[in-house]
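Novice: This is final22.cif, which holds mmCIF, C-alpha atoms:
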```cif
data_input
loop_
_atom_site.group_PDB
_atom_site.id
_atom_site.type_symbol
_atom_site.label_atom_id
_atom_site.label_comp_id
_atom_site.auth_asym_id
_atom_site.auth_seq_id
_atom_site.Cartn_x
_atom_site.Cartn_y
_atom_site.Cartn_z
ATOM 1 C CA MET A 1 0.000 0.000 0.000
ATOM 2 C CA THR A 2 1.130 3.538 -0.639
ATOM 3 C CA GLU A 3 1.614 5.653 2.441
ATOM 4 C CA LEU A 4 -0.400 8.760 3.149
ATOM 5 C CA ARG A 5 1.413 11.955 2.268
ATOM 6 C CA ALA A 6 1.228 15.136 4.268
ATOM 7 C CA ASP A 7 2.234 18.320 2.500
ATOM 8 C CA PRO A 8 1.766 21.250 4.888
ATOM 9 C CA LEU A 9 -1.690 22.801 4.996
ATOM 10 C CA ARG A 10 -2.045 26.373 3.748
ATOM 11 C CA PRO A 11 -3.885 29.118 5.668
ATOM 12 C CA HIS A 12 -7.648 28.433 5.949
ATOM 13 C CA GLU A 13 -7.264 24.808 4.901
ATOM 14 C CA GLN A 14 -8.831 22.016 6.965
ATOM 15 C CA ALA A 15 -7.881 18.367 7.301
ATOM 16 C CA VAL A 16 -9.780 15.545 8.985
ATOM 17 C CA GLU A 17 -8.851 12.336 10.732
ATOM 18 C CA THR A 18 -9.131 9.658 8.091
ATOM 19 C CA PRO A 19 -10.752 6.242 8.522
ATOM 20 C CA ALA A 20 -8.456 3.599 9.954
ATOM 21 C CA ASP A 21 -9.144 1.017 7.255
ATOM 22 C CA PHE A 22 -9.561 1.120 3.516
ATOM 23 C CA ASP A 23 -12.738 -0.272 1.952
ATOM 24 C CA ALA A 24 -11.279 -1.579 -1.316
ATOM 25 C CA GLY A 25 -7.946 -2.048 -3.043
ATOM 26 C CA VAL A 26 -6.519 -0.704 -6.282
ATOM 27 C CA TRP A 27 -3.955 -2.323 -8.546
ATOM 28 C CA PHE A 28 -1.562 -0.111 -10.454
ATOM 29 C CA ILE A 29 -2.048 -1.514 -13.971
ATOM 30 C CA GLY A 30 0.613 0.572 -15.669
ATOM 31 C CA ARG A 31 2.745 3.671 -15.536
ATOM 32 C CA ILE A 32 2.453 7.052 -17.239
ATOM 33 C CA ARG A 33 5.531 8.679 -18.756
ATOM 34 C CA THR A 34 5.422 12.459 -19.202
ATOM 35 C CA PRO A 35 7.964 15.295 -19.516
ATOM 36 C CA TRP A 36 7.151 16.612 -16.020
ATOM 37 C CA THR A 37 9.295 15.511 -13.098
ATOM 38 C CA ARG A 38 8.162 18.044 -10.463
ATOM 39 C CA ARG A 39 4.579 18.792 -9.477
ATOM 40 C CA GLU A 40 5.041 22.519 -10.039
ATOM 41 C CA GLU A 41 5.812 21.842 -13.706
ATOM 42 C CA CYS A 42 2.587 19.996 -14.483
ATOM 43 C CA PRO A 43 -0.045 21.901 -16.450
ATOM 44 C CA LYS A 44 -3.384 22.419 -14.691
ATOM 45 C CA ARG A 45 -5.090 20.511 -17.452
ATOM 46 C CA GLY A 46 -3.933 18.356 -20.328
ATOM 47 C CA ASP A 47 -4.262 19.517 -23.924
ATOM 48 C CA SER A 48 -5.220 16.701 -26.270
ATOM 49 C CA GLU A 49 -4.495 18.809 -29.351
ATOM 50 C CA ASN A 50 -1.268 20.644 -28.615
ATOM 51 C CA GLY A 51 0.102 19.050 -25.445
ATOM 52 C CA PRO A 52 3.297 16.998 -25.518
ATOM 53 C CA VAL A 53 3.294 13.368 -26.581
ATOM 54 C CA CYS A 54 3.196 11.089 -23.538
ATOM 55 C CA ARG A 55 3.392 7.328 -23.080
ATOM 56 C CA ILE A 56 1.180 4.941 -21.138
ATOM 57 C CA GLU A 57 2.892 1.629 -20.343
ATOM 58 C CA ILE A 58 0.560 -1.252 -19.464
ATOM 59 C CA PHE A 59 1.851 -3.879 -17.031
ATOM 60 C CA GLU A 60 1.265 -7.607 -17.140
ATOM 61 C CA PRO A 61 -1.063 -9.429 -16.712
ATOM 62 C CA TRP A 62 -3.281 -6.699 -18.194
ATOM 63 C CA THR A 63 -1.886 -6.291 -21.722
ATOM 64 C CA PRO A 64 -4.477 -8.573 -23.411
ATOM 65 C CA ALA A 65 -7.087 -6.009 -22.322
ATOM 66 C CA LEU A 66 -5.683 -3.623 -24.967
ATOM 67 C CA ALA A 67 -7.248 -5.581 -27.853
ATOM 68 C CA GLY A 68 -9.338 -3.162 -29.882
ATOM 69 C CA VAL A 69 -8.065 -0.006 -28.188
ATOM 70 C CA GLU A 70 -6.222 0.968 -31.368
ATOM 71 C CA GLU A 71 -9.572 1.762 -33.002
ATOM 72 C CA LYS A 72 -10.473 4.436 -30.472
ATOM 73 C CA GLU A 73 -9.653 8.062 -31.087
ATOM 74 C CA ARG A 74 -10.258 9.304 -27.543
ATOM 75 C CA LEU A 75 -9.575 7.504 -24.301
ATOM 76 C CA GLN A 76 -10.449 8.300 -20.718
ATOM 77 C CA ILE A 77 -7.442 7.695 -18.474
ATOM 78 C CA LEU A 78 -7.759 7.248 -14.722
ATOM 79 C CA TYR A 79 -4.600 7.598 -12.684
ATOM 80 C CA TRP A 80 -3.539 7.707 -9.064
ATOM 81 C CA MET A 81 -2.075 10.983 -7.792
ATOM 82 C CA HIS A 82 0.328 9.203 -5.511
ATOM 83 C CA LEU A 83 1.964 12.306 -3.993
ATOM 84 C CA SER A 84 -1.232 13.967 -2.748
ATOM 85 C CA ARG A 85 -2.321 14.139 0.862
ATOM 86 C CA ARG A 86 -5.769 12.628 1.295
ATOM 87 C CA ASP A 87 -7.193 14.248 4.405
ATOM 88 C CA ALA A 88 -7.852 17.823 3.197
ATOM 89 C CA VAL A 89 -11.564 18.723 3.134
ATOM 90 C CA ARG A 90 -11.165 22.487 2.661
ATOM 91 C CA GLN A 91 -8.448 23.893 0.435
ATOM 92 C CA ASN A 92 -6.943 27.227 -0.512
ATOM 93 C CA PRO A 93 -5.577 26.477 -3.960
ATOM 94 C CA ASN A 94 -4.609 30.068 -4.793
ATOM 95 C CA PHE A 95 -3.318 31.144 -1.366
ATOM 96 C CA GLY A 96 -6.326 33.441 -1.015
ATOM 97 C CA GLY A 97 -8.177 34.701 2.030
ATOM 98 C CA GLY A 98 -10.533 31.752 2.363
ATOM 99 C CA SER A 99 -11.046 28.131 1.415
ATOM 100 C CA ILE A 100 -13.347 25.916 -0.625
ATOM 101 C CA GLY A 101 -14.477 22.321 -0.226
ATOM 102 C CA THR A 102 -12.404 19.605 -1.884
ATOM 103 C CA PHE A 103 -15.426 18.304 -3.819
ATOM 104 C CA ALA A 104 -15.923 21.757 -5.405
ATOM 105 C CA ILE A 105 -12.455 21.837 -7.015
ATOM 106 C CA ARG A 106 -10.348 19.468 -9.117
ATOM 107 C CA SER A 107 -7.290 19.670 -6.870
ATOM 108 C CA PRO A 108 -5.104 16.539 -6.668
ATOM 109 C CA LEU A 109 -5.633 16.513 -2.885
ATOM 110 C CA ARG A 110 -8.683 14.260 -2.446
ATOM 111 C CA PRO A 111 -9.803 11.392 -0.180
ATOM 112 C CA ASN A 112 -9.228 9.040 -3.123
ATOM 113 C CA PRO A 113 -6.606 10.775 -5.301
ATOM 114 C CA ILE A 114 -7.965 9.598 -8.640
ATOM 115 C CA ALA A 115 -7.662 11.865 -11.672
ATOM 116 C CA SER A 116 -9.542 11.539 -14.944
ATOM 117 C CA SER A 117 -8.184 12.873 -18.243
ATOM 118 C CA VAL A 118 -9.403 12.549 -21.796
ATOM 119 C CA VAL A 119 -6.559 11.974 -24.255
ATOM 120 C CA ARG A 120 -6.150 11.609 -27.988
ATOM 121 C CA LEU A 121 -4.687 8.243 -28.952
ATOM 122 C CA LEU A 122 -1.821 8.503 -31.429
ATOM 123 C CA ALA A 123 -0.517 4.930 -31.533
ATOM 124 C CA VAL A 124 -0.495 1.534 -29.842
ATOM 125 C CA GLU A 125 2.749 -0.449 -29.996
ATOM 126 C CA GLY A 126 2.756 -3.596 -27.927
ATOM 127 C CA ALA A 127 1.978 -2.624 -24.351
ATOM 128 C CA VAL A 128 2.574 1.091 -24.912
ATOM 129 C CA LEU A 129 0.019 3.747 -25.835
ATOM 130 C CA THR A 130 1.220 7.061 -27.221
ATOM 131 C CA VAL A 131 -1.187 9.907 -26.439
ATOM 132 C CA ARG A 132 -1.645 13.660 -26.107
ATOM 133 C CA GLY A 133 -3.620 15.287 -23.325
ATOM 134 C CA LEU A 134 -2.030 14.223 -20.037
ATOM 135 C CA ASP A 135 -1.073 16.605 -17.258
ATOM 136 C CA CYS A 136 0.526 14.408 -14.599
ATOM 137 C CA LEU A 137 3.978 13.691 -13.227
ATOM 138 C CA ASP A 138 6.319 11.270 -14.920
ATOM 139 C CA GLY A 139 5.920 7.874 -13.259
ATOM 140 C CA THR A 140 2.306 8.372 -12.188
ATOM 141 C CA PRO A 141 0.513 5.055 -11.570
ATOM 142 C CA LEU A 142 -2.215 4.141 -14.067
ATOM 143 C CA ILE A 143 -5.465 2.642 -12.837
ATOM 144 C CA ASP A 144 -7.794 2.485 -15.853
ATOM 145 C CA VAL A 145 -8.130 3.032 -19.603
ATOM 146 C CA LYS A 146 -11.607 3.312 -21.179
ATOM 147 C CA PRO A 147 -12.935 4.620 -24.465
ATOM 148 C CA GLU A 148 -14.365 8.107 -24.106
ATOM 149 C CA PHE A 149 -17.890 8.080 -25.423
ATOM 150 C CA GLY A 150 -18.900 11.638 -24.754
ATOM 151 C CA VAL A 151 -18.940 14.440 -27.238
ATOM 152 C CA PHE A 152 -15.622 13.323 -28.669
ATOM 153 C CA THR A 153 -16.727 9.960 -30.011
ATOM 154 C CA MET B 1 -11.577 -4.888 1.797
ATOM 155 C CA THR B 2 -14.208 -5.976 -0.655
ATOM 156 C CA GLU B 3 -13.834 -9.493 -1.946
ATOM 157 C CA LEU B 4 -13.256 -10.296 -5.591
ATOM 158 C CA ARG B 5 -16.396 -11.351 -7.416
ATOM 159 C CA ALA B 6 -16.537 -14.014 -10.064
ATOM 160 C CA ASP B 7 -19.533 -14.002 -12.350
ATOM 161 C CA PRO B 8 -19.153 -16.796 -14.921
ATOM 162 C CA LEU B 9 -17.161 -15.957 -18.042
ATOM 163 C CA ARG B 10 -19.045 -15.937 -21.360
ATOM 164 C CA PRO B 11 -17.794 -17.705 -24.510
ATOM 165 C CA HIS B 12 -14.578 -16.163 -25.891
ATOM 166 C CA GLU B 13 -13.909 -14.242 -22.692
ATOM 167 C CA GLN B 14 -10.513 -14.409 -20.992
ATOM 168 C CA ALA B 15 -9.519 -13.870 -17.376
ATOM 169 C CA VAL B 16 -6.051 -13.601 -15.853
ATOM 170 C CA GLU B 17 -4.504 -14.398 -12.527
ATOM 171 C CA THR B 18 -4.562 -11.147 -10.598
ATOM 172 C CA PRO B 19 -1.715 -9.713 -8.502
ATOM 173 C CA ALA B 20 -1.576 -11.014 -4.954
ATOM 174 C CA ASP B 21 -1.414 -7.597 -3.323
ATOM 175 C CA PHE B 22 -3.110 -4.276 -3.911
ATOM 176 C CA ASP B 23 -0.993 -1.183 -4.522
ATOM 177 C CA ALA B 24 -3.244 1.414 -2.881
ATOM 178 C CA GLY B 25 -6.442 1.633 -0.869
ATOM 179 C CA VAL B 26 -9.755 3.364 -1.478
ATOM 180 C CA TRP B 27 -12.182 4.769 1.069
ATOM 181 C CA PHE B 28 -15.870 4.663 0.310
ATOM 182 C CA ILE B 29 -16.772 8.308 0.992
ATOM 183 C CA GLY B 30 -20.497 7.957 0.475
ATOM 184 C CA ARG B 31 -23.312 5.930 -1.003
ATOM 185 C CA ILE B 32 -25.396 6.377 -4.137
ATOM 186 C CA ARG B 33 -29.153 5.841 -4.018
ATOM 187 C CA THR B 34 -30.865 5.018 -7.313
ATOM 188 C CA PRO B 35 -34.105 3.297 -8.406
ATOM 189 C CA TRP B 36 -32.205 0.233 -9.688
ATOM 190 C CA THR B 37 -31.804 -2.764 -7.432
ATOM 191 C CA ARG B 38 -30.637 -5.349 -9.979
ATOM 192 C CA ARG B 39 -27.747 -4.960 -12.401
ATOM 193 C CA GLU B 40 -29.957 -5.890 -15.352
ATOM 194 C CA GLU B 41 -32.174 -2.888 -14.655
ATOM 195 C CA CYS B 42 -29.400 -0.287 -14.845
ATOM 196 C CA PRO B 43 -29.268 1.846 -17.985
ATOM 197 C CA LYS B 44 -26.088 1.579 -20.048
ATOM 198 C CA ARG B 45 -25.486 5.249 -19.538
ATOM 199 C CA GLY B 46 -26.959 7.919 -17.303
ATOM 200 C CA ASP B 47 -29.084 10.711 -18.740
ATOM 201 C CA SER B 48 -28.425 14.021 -17.017
ATOM 202 C CA GLU B 49 -31.470 15.632 -18.651
ATOM 203 C CA ASN B 50 -34.232 13.063 -18.463
ATOM 204 C CA GLY B 51 -32.921 10.350 -16.159
ATOM 205 C CA PRO B 52 -34.484 9.765 -12.743
ATOM 206 C CA VAL B 53 -33.540 11.862 -9.750
ATOM 207 C CA CYS B 54 -30.920 10.076 -7.644
ATOM 208 C CA ARG B 55 -29.260 10.862 -4.316
ATOM 209 C CA ILE B 56 -25.619 10.903 -3.313
ATOM 210 C CA GLU B 57 -25.090 10.627 0.441
ATOM 211 C CA ILE B 58 -21.706 11.794 1.735
ATOM 212 C CA PHE B 59 -20.294 10.064 4.824
ATOM 213 C CA GLU B 60 -18.367 11.625 7.665
ATOM 214 C CA PRO B 61 -15.647 12.824 8.006
ATOM 215 C CA TRP B 62 -15.932 14.109 4.437
ATOM 216 C CA THR B 63 -18.989 16.392 4.552
ATOM 217 C CA PRO B 64 -16.997 19.640 5.012
ATOM 218 C CA ALA B 65 -15.553 18.957 1.540
ATOM 219 C CA LEU B 66 -18.972 19.824 0.057
ATOM 220 C CA ALA B 67 -18.507 23.570 0.690
ATOM 221 C CA GLY B 68 -19.017 25.345 -2.610
ATOM 222 C CA VAL B 69 -20.390 22.344 -4.496
ATOM 223 C CA GLU B 70 -23.836 23.975 -4.583
ATOM 224 C CA GLU B 71 -22.532 26.481 -7.134
ATOM 225 C CA LYS B 72 -21.638 23.809 -9.688
ATOM 226 C CA GLU B 73 -24.068 22.796 -12.379
ATOM 227 C CA ARG B 74 -22.289 19.632 -13.486
ATOM 228 C CA LEU B 75 -20.345 17.191 -11.361
ATOM 229 C CA GLN B 76 -18.155 14.259 -12.238
ATOM 230 C CA ILE B 77 -18.954 11.324 -9.981
ATOM 231 C CA LEU B 78 -16.556 8.410 -9.497
ATOM 232 C CA TYR B 79 -17.974 5.250 -7.991
ATOM 233 C CA TRP B 80 -16.905 1.716 -7.251
ATOM 234 C CA MET B 81 -18.698 -1.050 -9.167
ATOM 235 C CA HIS B 82 -18.555 -3.402 -6.230
ATOM 236 C CA LEU B 83 -20.254 -6.375 -7.885
ATOM 237 C CA SER B 84 -17.920 -6.656 -10.885
ATOM 238 C CA ARG B 85 -15.273 -9.333 -11.341
ATOM 239 C CA ARG B 86 -11.860 -7.748 -11.827
ATOM 240 C CA ASP B 87 -9.845 -10.351 -13.728
ATOM 241 C CA ALA B 88 -11.469 -10.225 -17.202
ATOM 242 C CA VAL B 89 -9.111 -8.933 -19.907
ATOM 243 C CA ARG B 90 -11.213 -9.938 -22.931
ATOM 244 C CA GLN B 91 -14.996 -9.654 -22.864
ATOM 245 C CA ASN B 92 -17.993 -10.577 -24.971
ATOM 246 C CA PRO B 93 -20.508 -7.972 -23.872
ATOM 247 C CA ASN B 94 -23.156 -8.857 -26.458
ATOM 248 C CA PHE B 95 -22.751 -12.654 -26.441
ATOM 249 C CA GLY B 96 -21.286 -12.455 -29.948
ATOM 250 C CA GLY B 97 -18.833 -14.670 -31.778
ATOM 251 C CA GLY B 98 -15.690 -13.009 -30.472
ATOM 252 C CA SER B 99 -14.319 -10.792 -27.756
ATOM 253 C CA ILE B 100 -12.751 -7.386 -27.237
ATOM 254 C CA GLY B 101 -10.225 -6.074 -24.739
ATOM 255 C CA THR B 102 -11.494 -4.636 -21.479
ATOM 256 C CA PHE B 103 -9.729 -1.310 -22.098
ATOM 257 C CA ALA B 104 -11.627 -0.892 -25.401
ATOM 258 C CA ILE B 105 -15.082 -0.981 -23.756
ATOM 259 C CA ARG B 106 -16.772 0.709 -20.813
ATOM 260 C CA SER B 107 -17.938 -2.541 -19.214
ATOM 261 C CA PRO B 108 -18.158 -2.576 -15.402
ATOM 262 C CA LEU B 109 -15.759 -5.552 -15.385
ATOM 263 C CA ARG B 110 -12.322 -3.919 -15.027
ATOM 264 C CA PRO B 111 -9.126 -4.419 -13.009
ATOM 265 C CA ASN B 112 -10.127 -1.403 -10.932
ATOM 266 C CA PRO B 113 -13.932 -1.218 -11.182
ATOM 267 C CA ILE B 114 -14.189 2.567 -11.152
ATOM 268 C CA ALA B 115 -16.946 4.255 -13.137
ATOM 269 C CA SER B 116 -17.126 7.919 -14.092
ATOM 270 C CA SER B 117 -20.427 9.712 -14.754
ATOM 271 C CA VAL B 118 -21.253 13.336 -15.371
ATOM 272 C CA VAL B 119 -24.419 14.435 -13.571
ATOM 273 C CA ARG B 120 -26.527 17.550 -13.309
ATOM 274 C CA LEU B 121 -26.728 18.876 -9.770
ATOM 275 C CA LEU B 122 -30.267 19.705 -8.664
ATOM 276 C CA ALA B 123 -29.799 20.437 -4.962
ATOM 277 C CA VAL B 124 -27.521 20.118 -1.946
ATOM 278 C CA GLU B 125 -29.187 19.550 1.413
ATOM 279 C CA GLY B 126 -26.797 18.844 4.264
ATOM 280 C CA ALA B 127 -24.756 15.807 3.276
ATOM 281 C CA VAL B 128 -27.038 14.799 0.404
ATOM 282 C CA LEU B 129 -26.724 15.761 -3.255
ATOM 283 C CA THR B 130 -29.716 15.350 -5.537
ATOM 284 C CA VAL B 131 -28.699 14.746 -9.155
ATOM 285 C CA ARG B 132 -29.746 13.426 -12.547
ATOM 286 C CA GLY B 133 -27.481 11.329 -14.772
ATOM 287 C CA LEU B 134 -26.497 8.256 -12.781
ATOM 288 C CA ASP B 135 -26.740 4.701 -14.089
ATOM 289 C CA CYS B 136 -25.624 2.517 -11.180
ATOM 290 C CA LEU B 137 -27.177 0.156 -8.671
ATOM 291 C CA ASP B 138 -28.796 1.420 -5.512
ATOM 292 C CA GLY B 139 -26.225 1.290 -2.727
ATOM 293 C CA THR B 140 -23.169 1.723 -4.962
ATOM 294 C CA PRO B 141 -20.125 3.038 -3.054
ATOM 295 C CA LEU B 142 -19.050 6.581 -3.900
ATOM 296 C CA ILE B 143 -15.357 7.383 -4.238
ATOM 297 C CA ASP B 144 -15.155 10.955 -5.560
ATOM 298 C CA VAL B 145 -17.104 14.102 -6.481
ATOM 299 C CA LYS B 146 -15.454 16.783 -8.637
ATOM 300 C CA PRO B 147 -16.743 19.693 -10.697
ATOM 301 C CA GLU B 148 -16.937 18.820 -14.375
ATOM 302 C CA PHE B 149 -15.027 21.428 -16.333
ATOM 303 C CA GLY B 150 -15.356 19.980 -19.794
ATOM 304 C CA VAL B 151 -17.784 21.003 -22.467
ATOM 305 C CA PHE B 152 -20.574 21.192 -19.933
ATOM 306 C CA THR B 153 -19.147 23.985 -17.823
#
```
Just dump the structure as structure tokens.

Specialist:
Amino acid sequence: MTELRADPLRPHEQAVETPADFDAGVWFIGRIRTPWTRREECPKRGDSENGPVCRIEIFEPWTPALAGVEEKERLQILYWMHLSRRDAVRQNPNFGGGSIGTFAIRSPLRPNPIASSVVRLLAVEGAVLTVRGLDCLDGTPLIDVKPEFGVFT
Amino acid sequence: MTELRADPLRPHEQAVETPADFDAGVWFIGRIRTPWTRREECPKRGDSENGPVCRIEIFEPWTPALAGVEEKERLQILYWMHLSRRDAVRQNPNFGGGSIGTFAIRSPLRPNPIASSVVRLLAVEGAVLTVRGLDCLDGTPLIDVKPEFGVFT
């Protein structure tokens, strides 16, 4: 299991005591490779048109699940923001004079630090997807890949 | 921890031996209440305009994280499909003559059974959100609420 991180709270932020036990477990099914090695470098949001090309490496035993992915233009990627503290319920993302609830913002600090991005698929080679549209740190754990069936389909 | 489920595989489907240990843990931060009590009743996709009104109940200690949510029109809801087997890498969703990889479809059967839906927020009363657009079973565990900032914003 990953440990819980604890970046310092900012003024007006609030953290809670978290439950002692988890309710379910996640497998890291792959790894995301991006140009960003420090959190401060990451864009706030990925750009599936003009963002840099990134790689998604799928681990065994999950690679057979890629069959047919090559036909999809847009994918929804779920990943685990492994460096985020998980106990913040009110946050002050812009160092302002107040705070806002975690569920009202898309901050990486969340009870379950799961991010969702929609990417454009450029290529599939073996167990590696090449995409545009990610915004996360190099080495971020992958937890799901699904076709996007919203307005982009 | 939730146990791993094992609905029978259909023809042409393939399952794998899953990793012995999980890599991270999830807290169930709430519960979703819908009209559907059997998986066969659930719609394939939620309808945020004309679908039934559903409720999202937030558990303690997470309710302070709702501050500001009432100002959002659209929310992205992540939930845990707790009845799905997690080892299927090729699936035959329509009982056809072949199969397709799990990452190429939005089936609930996934290594990490996390679903993402965009809903329309109707009201916030205490720890309960009233929304349209869900498609899951009554009692489904909630794992995240975020503002949707895509085309719907």

Novice: At a cut-off of 7 Å, list the chain B residues touching chain A, using all atoms listed in the file, as a PyMOL selection string.

Specialist: chain B and resi 1-2+16+22-28+61-62+64-69+89-90+100-106+112+143-147

Novice: Can you work out the spacing between atom CA of Val131 of chain B and atom CA of Leu109 of chain B in Å, to one decimal?

Specialist: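 If I compute the distance from atom CA of Val131 of chain B to atom CA of Leu109 of chain B, I get 24.9 Å.
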
Novice: Residue by residue, what does the PyMOL selection byres ((chain B and resi 42) around 12) grab here? Present the result as a ChimeraX atom specification.

Specialist: /B:34-41,43-47,51-52,108,133-138,140

Novice: Can you measure atom CA of Cys54 of chain A to atom CA of Ile32 of chain A for me? One decimal in Å is fine.

Specialist: 7.5 Å

Novice: Atom CA of Gly97 of chain B and atom CA of Glu57 of chain A, how far apart in Å?

Specialist: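 Separating atom CA of Glu57 of chain A from atom CA of Gly97 of chain B is a distance of 29.5 Å.
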
Novice: Could you please give me, as a list in words, the residues of protein, DNA or RNA lying at most 6 Å from (-18.0, -12.0, -25.0) in the coordinate frame of the file, considering only C-alpha atoms?

Specialist: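 The distance filter leaves exactly Arg10, Pro11, His12, Glu13, Gln91, Asn92, Pro93, Phe95, Gly96 and Ser99 of chain B.
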
Novice: Which residues fall under the PyMOL selection byres ((chain B and resi 129) around 6) in this file, as a list in words?

Specialist: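 Checking the PyMOL selection byres ((chain B and resi 129) around 6) against this file, the residues are Arg55, Ile56, Ala123, Val124, Val128 and Thr130 of chain B.
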